[in-house]
Amino acid sequence: MGPMTDSEGRKDAEISSGEICDGIKAGSREAEAALVDCLQPGLRLVLRRATGGDLELARELCQETLVILLKRLRTAGLTDPSELAAFAAQTARNLAIAHHRKEGRRRTEANIEAIESVSDPRRDQTEQLAANRLGVIVHRLLGELPTDRDRMVLKRYYLHEDPKADICRDLEMSDLAFNQVLFRARNRFRDLLSSAGIAKEDLFDSEHA
Amino acid sequence: MNTAVQGEAPAEGVIADYLANRLSETEAQEFELYCLRHPDFARHVERELALKTGLRELHRSAPQISSAGRKRYGGRPLALAASVAVFASAALLFQYSLDKRPSLVAFRSMADIPDPLRSSAVSQVRLIRMRGSDAATRVSASARGLVDIRLVPDSIAESGIYSVQISAESQSSTKPLIVRGLRPTPDGYLQVFVPAAQMIGRVWLVSVGEDADVGKQQGVEVFRVEFVAAGTAH
């Protein structure tokens with residue numbers, strides 16, 4: 001289980017699901033920690049989408065999913081441990097669907113469209129703090145980019161979500177040059193996140209800053 | 001998108017499509033399954049999302065700047081970079097917030113400059129150490145314009161990061177300003193933009209050194225620069 005407990009040093013290999021499942025069944029705390037470490041980043045993505053970007057809800061459901069998985073693996077286990085990732089994904093989606101159904105029942109009297117069309121005035125303070133913090137880090141990143149063209153690449157790719165081919169054509173860049181800009185920017189962004197102490201945890205949780 | 005489950009990492013464009021909600025439900029689920037099986041890849045996707053979120057936040061913070069005029073230095077549009085102007089100038093102005101004297105303002109790049117100033121005339125000065133000379137370099141600039149100060153540091157900073165301090169030579173009611181985190185441009189210059197109006201009529205000491213050194217007066221080179229209004233230089 002050694003390599004799986006070190007998320008920074010681990011190669012991006014497939015989860016050794018059998019090892020995790022067997023370890024948890026045998027009562028290994030290390031295996032349980034490995035399960036959380038391996039599945040949590042993917043579960044956050046699954047649930048962010050399944051909850052329509054409600055980060056607070058996604059966080060809650062992520063914890064709930066992990067608890068369900070741990071209970072299941074401590075007791076019955078999985079028939080096919082290689083299906084651990086798929087089982088985790090389905091459990092997470094089921095929880096999100098159940099939550100939406102419950103919420104839907106609560107709102108039967110309400111005009112859902114009207115509610116959704118109004119921007120949420122209570123934008124979660126924690127999320128706003130996290131977004132602010134990311135804004136500051138990205139600002140610093142932009143300031144460190146060597147050219148205006150590099151900043152433009154980031155803006156069009158990440159903010160406007162323009163296709164790479166369009167950006168390369170408009171800025172008269174080769175594929176290689178484009179990839180180099182992204183490569184450098186990502187590496188620097190990772191360093192900046194790391195120096196801000198938020199490289200390992202949920203990047204969108206300001207409480208972990 | 002048939003690569004995720006087989007073990008081959010999804011292509012770059014697939015990550016972008018996932019984050020932009022451009023994948024079908026089946027494709028998105030395949031992508032997420034790959035993420036669950038490859039936590040380091042999932043963390044990479046999360047960082048991509050964080051980068052997007054940070055850019056959106058910057059854009060949201062300064063929409064009036066980022067959506068304003070498209071005219072840019074070098075002829076290239078750069079609305080996003082302009083959106084950081086509020087942060088940049090705020091950071092620089094905040095530096096001496098406990099000091100009640102008037103503050104200097106400087107910008108790290110043309111993109112950081114607010115639109116009204118960006119369209120003004122730009123005078124350029126290059127400061128290079130001449131052996132044995134400490135005469136002031138005279139800069140003639142329009143009072144309503146900008147001065148693009150380019151410096152070549154004598155010493156090479158180990159970190160590759162420099163700071164520039166601008167302070168009045170004589171006792172002054174203006175606070176000195178330190179612009180930190182500067183990296184040389186590809187042609188070897190450090191570049192700082194200053195509004196000419198705040199500089200004209202005085203001699204300034206422009207100090208450059210490694211990021212940690214400026215302000216401590218060690219390992220720092222100092223240039224004397226006199227700013228005069230255009231039309232008055234001899």
# chains A, B, ... in the order shown; residues from 1 in each chain; ligands from 1
call {"tool": "closest_atom_pairs", "arguments": {"of": "chain A", "to": "chain B", "cutoff": "8 Å", "atoms": "only C-alpha atoms", "output": "Markdown table"}}
result
| residue | atom | partner | partner_atom | distance |
| --- | --- | --- | --- | --- |
| A:Ser7 | CA | B:Asp40 | CA | 7.6 |
| A:Lys11 | CA | B:Asp40 | CA | 7.6 |
| A:Asp12 | CA | B:Asp40 | CA | 5.3 |
| A:Ala13 | CA | B:His38 | CA | 6.2 |
| A:Glu14 | CA | B:Arg37 | CA | 5.2 |
| A:Ile15 | CA | B:Arg37 | CA | 5.5 |
| A:Asp37 | CA | B:Pro39 | CA | 7.9 |
| A:Cys38 | CA | B:Pro39 | CA | 5.3 |
| A:Leu39 | CA | B:Leu36 | CA | 5.5 |
| A:Gln40 | CA | B:Pro39 | CA | 7.9 |
| A:Pro41 | CA | B:Ala42 | CA | 5.6 |
| A:Gly42 | CA | B:Leu36 | CA | 4.4 |
| A:Leu43 | CA | B:Leu36 | CA | 6.7 |
| A:Leu45 | CA | B:Glu32 | CA | 7.0 |
| A:Val46 | CA | B:Glu32 | CA | 6.1 |
| A:Ala85 | CA | B:Leu36 | CA | 5.5 |
| A:Ala86 | CA | B:Leu33 | CA | 6.3 |
| A:Ala89 | CA | B:Leu33 | CA | 7.0 |
| A:Ala131 | CA | B:Gly54 | CA | 6.2 |
| A:Asn132 | CA | B:Glu57 | CA | 6.5 |
| A:Arg133 | CA | B:Gly54 | CA | 7.8 |
| A:Leu134 | CA | B:Gly54 | CA | 4.5 |
| A:Gly135 | CA | B:Gly54 | CA | 4.0 |
| A:Val136 | CA | B:Gly54 | CA | 7.4 |
| A:Ile137 | CA | B:Gly54 | CA | 7.3 |
| A:Val138 | CA | B:Gly54 | CA | 5.5 |
| A:His139 | CA | B:Val84 | CA | 6.2 |
| A:Leu142 | CA | B:Ala81 | CA | 7.1 |
| A:Gly143 | CA | B:Arg108 | CA | 7.5 |
| A:Glu144 | CA | B:Arg183 | CA | 7.3 |
| A:Pro146 | CA | B:Thr185 | CA | 6.6 |
| A:Asp148 | CA | B:Leu78 | CA | 7.0 |
| A:Arg149 | CA | B:Arg76 | CA | 7.9 |
| A:Arg151 | CA | B:Ala81 | CA | 6.3 |
| A:Met152 | CA | B:Leu78 | CA | 5.9 |
| A:Lys155 | CA | B:Leu80 | CA | 6.0 |
| A:Tyr158 | CA | B:Lys52 | CA | 5.2 |
| A:Leu159 | CA | B:Lys52 | CA | 6.1 |
| A:Glu161 | CA | B:Ala20 | CA | 7.0 |
| A:Pro163 | CA | B:Gly13 | CA | 7.9 |
| A:Lys164 | CA | B:Gly13 | CA | 7.8 |
| A:Phe189 | CA | B:Leu51 | CA | 7.7 |
| A:Arg190 | CA | B:Arg47 | CA | 7.6 |
| A:Leu203 | CA | B:Ala50 | CA | 6.7 |
| A:Phe204 | CA | B:Ala50 | CA | 7.3 |
call {"tool": "closest_residue", "arguments": {"among": "A:Asp166, A:Glu19, A:Asp150, A:Glu172", "to": "A:Gly77", "atoms": "only C-alpha atoms"}}
result
A:Glu19
call {"tool": "atom_distance", "arguments": {"atom1": "atom CA of A:Gln63", "atom2": "atom CA of A:Val36"}}
result
9.3 Å
call {"tool": "residues_around", "arguments": {"residues": "B:Ser170", "least_positions_apart": "4", "cutoff": "9 Å", "atoms": "only C-alpha atoms", "output": "count of residues only"}}
result
3
